[in-house]
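S.K.: Coordinates in model34.pdb, PDB, C-alpha atoms, are listed below.
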ATOM      1  CA  MET Y   1       0.000   0.000   0.000
ATOM      2  CA  VAL Y   2       1.400   3.384  -0.982
ATOM      3  CA  ASP Y   3       1.569   5.852   1.873
ATOM      4  CA  GLU Y   4       0.563   9.506   1.464
ATOM      5  CA  ASN Y   5       4.107  10.502   2.432
ATOM      6  CA  GLU Y   6       5.536   8.446  -0.416
ATOM      7  CA  VAL Y   7       3.309  10.254  -2.931
ATOM      8  CA  LYS Y   8       4.095  13.695  -1.499
ATOM      9  CA  GLY Y   9       7.799  12.821  -1.423
ATOM     10  CA  THR Y  10       7.732  11.774  -5.064
ATOM     11  CA  VAL Y  11       6.031  15.052  -6.035
ATOM     12  CA  THR Y  12       8.457  17.146  -3.962
ATOM     13  CA  ASP Y  13      11.412  15.297  -5.493
ATOM     14  CA  GLY Y  14      10.029  15.897  -8.990
ATOM     15  CA  VAL Y  15       9.469  19.590  -8.346
ATOM     16  CA  GLY Y  16      13.005  19.784  -6.970
ATOM     17  CA  LYS Y  17      14.409  18.229 -10.116
ATOM     18  CA  LEU Y  18      12.521  20.767 -12.234
ATOM     19  CA  LYS Y  19      13.786  23.677 -10.121
ATOM     20  CA  ASP Y  20      17.330  22.314 -10.264
ATOM     21  CA  ALA Y  21      17.167  22.003 -14.049
ATOM     22  CA  ALA Y  22      15.558  25.422 -14.501
ATOM     23  CA  GLY Y  23      18.147  27.014 -12.237
ATOM     24  CA  GLY Y  24      20.931  25.345 -14.199
ATOM     25  CA  LEU Y  25      19.528  26.514 -17.530
ATOM     26  CA  THR Y  26      18.964  30.102 -16.398
ATOM     27  CA  GLY Y  27      22.111  30.374 -14.298
ATOM     28  CA  ASP Y  28      20.038  30.982 -11.139
ATOM     29  CA  SER Y  29      22.122  29.258  -8.464
ATOM     30  CA  SER Y  30      19.546  30.106  -5.780
ATOM     31  CA  LEU Y  31      16.784  28.267  -7.668
ATOM     32  CA  GLN Y  32      19.156  25.391  -8.354
ATOM     33  CA  ALA Y  33      20.031  25.104  -4.652
ATOM     34  CA  GLU Y  34      16.354  25.273  -3.731
ATOM     35  CA  GLY Y  35      15.734  22.430  -6.173
ATOM     36  CA  LYS Y  36      18.439  20.293  -4.584
ATOM     37  CA  VAL Y  37      16.936  20.917  -1.136
ATOM     38  CA  ASP Y  38      13.488  19.937  -2.445
ATOM     39  CA  GLN Y  39      14.932  16.752  -3.943
ATOM     40  CA  LEU Y  40      16.506  15.801  -0.631
ATOM     41  CA  GLN Y  41      13.305  16.609   1.256
ATOM     42  CA  GLY Y  42      11.301  14.497  -1.193
ATOM     43  CA  LYS Y  43      13.632  11.529  -0.842
ATOM     44  CA  VAL Y  44      13.484  11.720   2.959
ATOM     45  CA  GLN Y  45       9.691  11.946   2.872
ATOM     46  CA  LYS Y  46       9.479   8.916   0.538
ATOM     47  CA  GLU Y  47      11.724   6.895   2.866
ATOM     48  CA  TYR Y  48       9.609   7.929   5.863
ATOM     49  CA  GLY Y  49       6.482   6.710   4.073
ATOM     50  CA  ASP Y  50       8.196   3.456   3.179
ATOM     51  CA  LEU Y  51       9.227   2.912   6.803
ATOM     52  CA  LEU Y  52       5.658   3.551   7.942
ATOM     53  CA  ASP Y  53       4.433   0.914   5.479
ATOM     54  CA  GLN Y  54       6.992  -1.580   6.742
ATOM     55  CA  ALA Y  55       6.079  -0.877  10.374
ATOM     56  CA  GLN Y  56       2.395  -1.368   9.576
ATOM     57  CA  ASP Y  57       3.161  -4.710   7.908
ATOM     58  CA  VAL Y  58       5.180  -5.890  10.926
ATOM     59  CA  PHE Y  59       2.388  -4.814  13.286
ATOM     60  CA  GLU Y  60      -0.222  -6.672  11.216
ATOM     61  CA  ASP Y  61       1.949  -9.801  11.136
ATOM     62  CA  ALA Y  62       2.477  -9.666  14.901
ATOM     63  CA  THR Y  63      -1.245  -9.146  15.519
ATOM     64  CA  LYS Y  64      -2.071 -12.115  13.290
ATOM     65  CA  MET Y  65       0.480 -14.299  15.101
ATOM     66  CA  VAL Y  66      -0.938 -13.363  18.517
ATOM     67  CA  ARG Y  67      -4.489 -14.172  17.380
ATOM     68  CA  GLU Y  68      -3.488 -17.496  15.840
ATOM     69  CA  GLN Y  69      -1.036 -18.605  18.566
ATOM     70  CA  PRO Y  70      -1.844 -16.808  21.839
ATOM     71  CA  VAL Y  71       0.072 -19.273  24.046
ATOM     72  CA  ALA Y  72       3.263 -18.900  22.012
ATOM     73  CA  ALA Y  73       2.862 -15.106  22.049
ATOM     74  CA  LEU Y  74       2.428 -15.152  25.820
ATOM     75  CA  GLY Y  75       5.557 -17.304  26.198
ATOM     76  CA  ILE Y  76       7.579 -14.935  24.023
ATOM     77  CA  ALA Y  77       6.329 -11.916  25.977
ATOM     78  CA  ALA Y  78       7.201 -13.591  29.286
ATOM     79  CA  GLY Y  79      10.679 -14.483  28.014
ATOM     80  CA  VAL Y  80      11.328 -10.950  26.794
ATOM     81  CA  GLY Y  81      10.049  -9.543  30.100
ATOM     82  CA  PHE Y  82      12.313 -11.852  32.086
ATOM     83  CA  LEU Y  83      15.315 -10.957  29.922
ATOM     84  CA  LEU Y  84      14.696  -7.210  30.238
ATOM     85  CA  GLY Y  85      14.235  -7.528  33.988
ATOM     86  CA  TRP Y  86      17.505  -9.431  34.285
ATOM     87  CA  LEU Y  87      19.391  -6.927  32.098
ATOM     88  CA  LEU Y  88      18.015  -3.867  33.897
ATOM     89  CA  MET Y  89      18.369  -5.213  37.435
ATOM     90  CA  PRO Y  90      20.975  -3.248  39.390
ATOM     91  CA  SER Y  91      23.996  -5.344  40.240
ATOM     92  CA  LYS Y  92      24.722  -6.040  43.909
ATOM     93  CA  SER Y  93      28.406  -5.527  44.372
TER      94      SER Y  93
END
Turn this file's structure into structure tokens for me.

M.R.:
Amino acid sequence: MVDENEVKGTVTDGVGKLKDAAGGLTGDSSLQAEGKVDQLQGKVQKEYGDLLDQAQDVFEDATKMVREQPVAALGIAAGVGFLLGWLLMPSKS
């Protein structure tokens, strides 16, 4: 599923490329720099959208696993809780 951020990032990147090209053709270094900034912003926004999609997929997979295998999920949660408690327990020297 395409995230809204991915679409906006693609548009911002495209606009940046146009500004960069126009600035290069006209000799306007300010417009060219603005275009490069827009390109970078668009790429970051696309990556953010992609990460959100990946996080959503992981969440859906985890939810499905918990519904299908609640005992296994409970065992994993207990094991992780025990491990975190052991790691975070202050040492008695």

S.K.: Between CA of Val11 (chain Y) and CA of Gln39 (chain Y), what is the distance, to one decimal in Å?

M.R.: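 Between these atoms lies a distance of 9.3 Å.
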
S.K.: Skip Ala21 (chain Y) itself and residues of its chain fewer than 6 positions away, then list as a PDB file with C-alpha atoms, in the coordinates of the input all residues within 12 Å of it, counting only C-alpha atoms.

M.R.:
ATOM      1  CA  GLY Y  14      10.029  15.897  -8.990  1.00  0.00           C
ATOM      2  CA  VAL Y  15       9.469  19.590  -8.346  1.00  0.00           C
ATOM      3  CA  GLY Y  27      22.111  30.374 -14.298  1.00  0.00           C
ATOM      4  CA  ASP Y  28      20.038  30.982 -11.139  1.00  0.00           C
ATOM      5  CA  SER Y  29      22.122  29.258  -8.464  1.00  0.00           C
ATOM      6  CA  SER Y  30      19.546  30.106  -5.780  1.00  0.00           C
ATOM      7  CA  LEU Y  31      16.784  28.267  -7.668  1.00  0.00           C
ATOM      8  CA  GLN Y  32      19.156  25.391  -8.354  1.00  0.00           C
ATOM      9  CA  ALA Y  33      20.031  25.104  -4.652  1.00  0.00           C
ATOM     10  CA  GLU Y  34      16.354  25.273  -3.731  1.00  0.00           C
ATOM     11  CA  GLY Y  35      15.734  22.430  -6.173  1.00  0.00           C
ATOM     12  CA  LYS Y  36      18.439  20.293  -4.584  1.00  0.00           C
ATOM     13  CA  GLN Y  39      14.932  16.752  -3.943  1.00  0.00           C
TER      14      GLN Y  39
END

S.K.: Would you compute the distance between CA of Glu6 (chain Y) and CA of Asp38 (chain Y)? Give it in Å to one decimal.

M.R.: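 Separation between CA of Glu6 (chain Y) and CA of Asp38 (chain Y): 14.1 Å.
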
S.K.: Report, in Å with one decimal, the straight-line distance from CA of Gly9 (chain Y) to CA of Thr26 (chain Y).

M.R.: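 CA of Thr26 (chain Y) lies at a distance of 25.4 Å from CA of Gly9 (chain Y).
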
S.K.: Could you name the residues that touch Glu4 (chain Y) at 10 Å or less, counting all atoms listed in the file, but leaving out those on the same chain fewer than 3 positions away, as a PDB file with C-alpha atoms, in the frame of the given file?

M.R.:
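Below is the file that was written, selection-v9.pdb:
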ATOM      1  CA  MET Y   1       0.000   0.000   0.000  1.00  0.00           C
ATOM      2  CA  VAL Y   7       3.309  10.254  -2.931  1.00  0.00           C
ATOM      3  CA  LYS Y   8       4.095  13.695  -1.499  1.00  0.00           C
ATOM      4  CA  GLY Y   9       7.799  12.821  -1.423  1.00  0.00           C
ATOM      5  CA  THR Y  10       7.732  11.774  -5.064  1.00  0.00           C
ATOM      6  CA  GLN Y  45       9.691  11.946   2.872  1.00  0.00           C
ATOM      7  CA  LYS Y  46       9.479   8.916   0.538  1.00  0.00           C
ATOM      8  CA  GLY Y  49       6.482   6.710   4.073  1.00  0.00           C
ATOM      9  CA  ASP Y  50       8.196   3.456   3.179  1.00  0.00           C
TER      10      ASP Y  50
END

S.K.: Extract, using only C-alpha atoms, all DNA, RNA and protein residues at most 8 Å from region 51-58 of chain Y, discarding same-chain residues fewer than 3 positions from it, and format them as a PyMOL selection string.

M.R.: chain Y and resi 1-3+47-48+61-62

S.K.: Taking N, CA and C atoms as the atom set, what does region 67-80 of chain Y look like once completed, written as a PDB file, in the frame of the given file?

M.R.:
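Saved file selection-v5.pdb follows:
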ATOM      1  N   ARG Y  67      -3.127 -13.618  17.477  1.00  0.00           N
ATOM      2  CA  ARG Y  67      -4.489 -14.172  17.380  1.00  0.00           C
ATOM      3  C   ARG Y  67      -4.470 -15.666  17.074  1.00  0.00           C
ATOM      4  N   GLU Y  68      -3.530 -16.098  16.234  1.00  0.00           N
ATOM      5  CA  GLU Y  68      -3.488 -17.496  15.840  1.00  0.00           C
ATOM      6  C   GLU Y  68      -2.788 -18.378  16.871  1.00  0.00           C
ATOM      7  N   GLN Y  69      -1.807 -17.822  17.599  1.00  0.00           N
ATOM      8  CA  GLN Y  69      -1.036 -18.605  18.566  1.00  0.00           C
ATOM      9  C   GLN Y  69      -0.863 -17.816  19.865  1.00  0.00           C
ATOM     10  N   PRO Y  70      -1.931 -17.640  20.628  1.00  0.00           N
ATOM     11  CA  PRO Y  70      -1.844 -16.808  21.839  1.00  0.00           C
ATOM     12  C   PRO Y  70      -0.892 -17.366  22.903  1.00  0.00           C
ATOM     13  N   VAL Y  71      -0.807 -18.685  23.020  1.00  0.00           N
ATOM     14  CA  VAL Y  71       0.072 -19.273  24.046  1.00  0.00           C
ATOM     15  C   VAL Y  71       1.533 -19.012  23.703  1.00  0.00           C
ATOM     16  N   ALA Y  72       1.890 -19.173  22.436  1.00  0.00           N
ATOM     17  CA  ALA Y  72       3.263 -18.900  22.012  1.00  0.00           C
ATOM     18  C   ALA Y  72       3.599 -17.427  22.211  1.00  0.00           C
ATOM     19  N   ALA Y  73       2.635 -16.542  21.880  1.00  0.00           N
ATOM     20  CA  ALA Y  73       2.862 -15.106  22.049  1.00  0.00           C
ATOM     21  C   ALA Y  73       3.059 -14.766  23.523  1.00  0.00           C
ATOM     22  N   LEU Y  74       2.286 -15.390  24.382  1.00  0.00           N
ATOM     23  CA  LEU Y  74       2.428 -15.152  25.820  1.00  0.00           C
ATOM     24  C   LEU Y  74       3.787 -15.639  26.310  1.00  0.00           C
ATOM     25  N   GLY Y  75       4.239 -16.791  25.819  1.00  0.00           N
ATOM     26  CA  GLY Y  75       5.557 -17.304  26.198  1.00  0.00           C
ATOM     27  C   GLY Y  75       6.680 -16.381  25.749  1.00  0.00           C
ATOM     28  N   ILE Y  76       6.560 -15.871  24.532  1.00  0.00           N
ATOM     29  CA  ILE Y  76       7.579 -14.935  24.023  1.00  0.00           C
ATOM     30  C   ILE Y  76       7.588 -13.667  24.862  1.00  0.00           C
ATOM     31  N   ALA Y  77       6.410 -13.139  25.170  1.00  0.00           N
ATOM     32  CA  ALA Y  77       6.329 -11.916  25.977  1.00  0.00           C
ATOM     33  C   ALA Y  77       6.921 -12.140  27.368  1.00  0.00           C
ATOM     34  N   ALA Y  78       6.647 -13.297  27.959  1.00  0.00           N
ATOM     35  CA  ALA Y  78       7.201 -13.591  29.286  1.00  0.00           C
ATOM     36  C   ALA Y  78       8.724 -13.698  29.213  1.00  0.00           C
ATOM     37  N   GLY Y  79       9.224 -14.352  28.171  1.00  0.00           N
ATOM     38  CA  GLY Y  79      10.679 -14.483  28.014  1.00  0.00           C
ATOM     39  C   GLY Y  79      11.357 -13.141  27.827  1.00  0.00           C
ATOM     40  N   VAL Y  80      10.768 -12.282  27.014  1.00  0.00           N
ATOM     41  CA  VAL Y  80      11.328 -10.950  26.794  1.00  0.00           C
ATOM     42  C   VAL Y  80      11.277 -10.139  28.096  1.00  0.00           C
TER      43      VAL Y  80
END
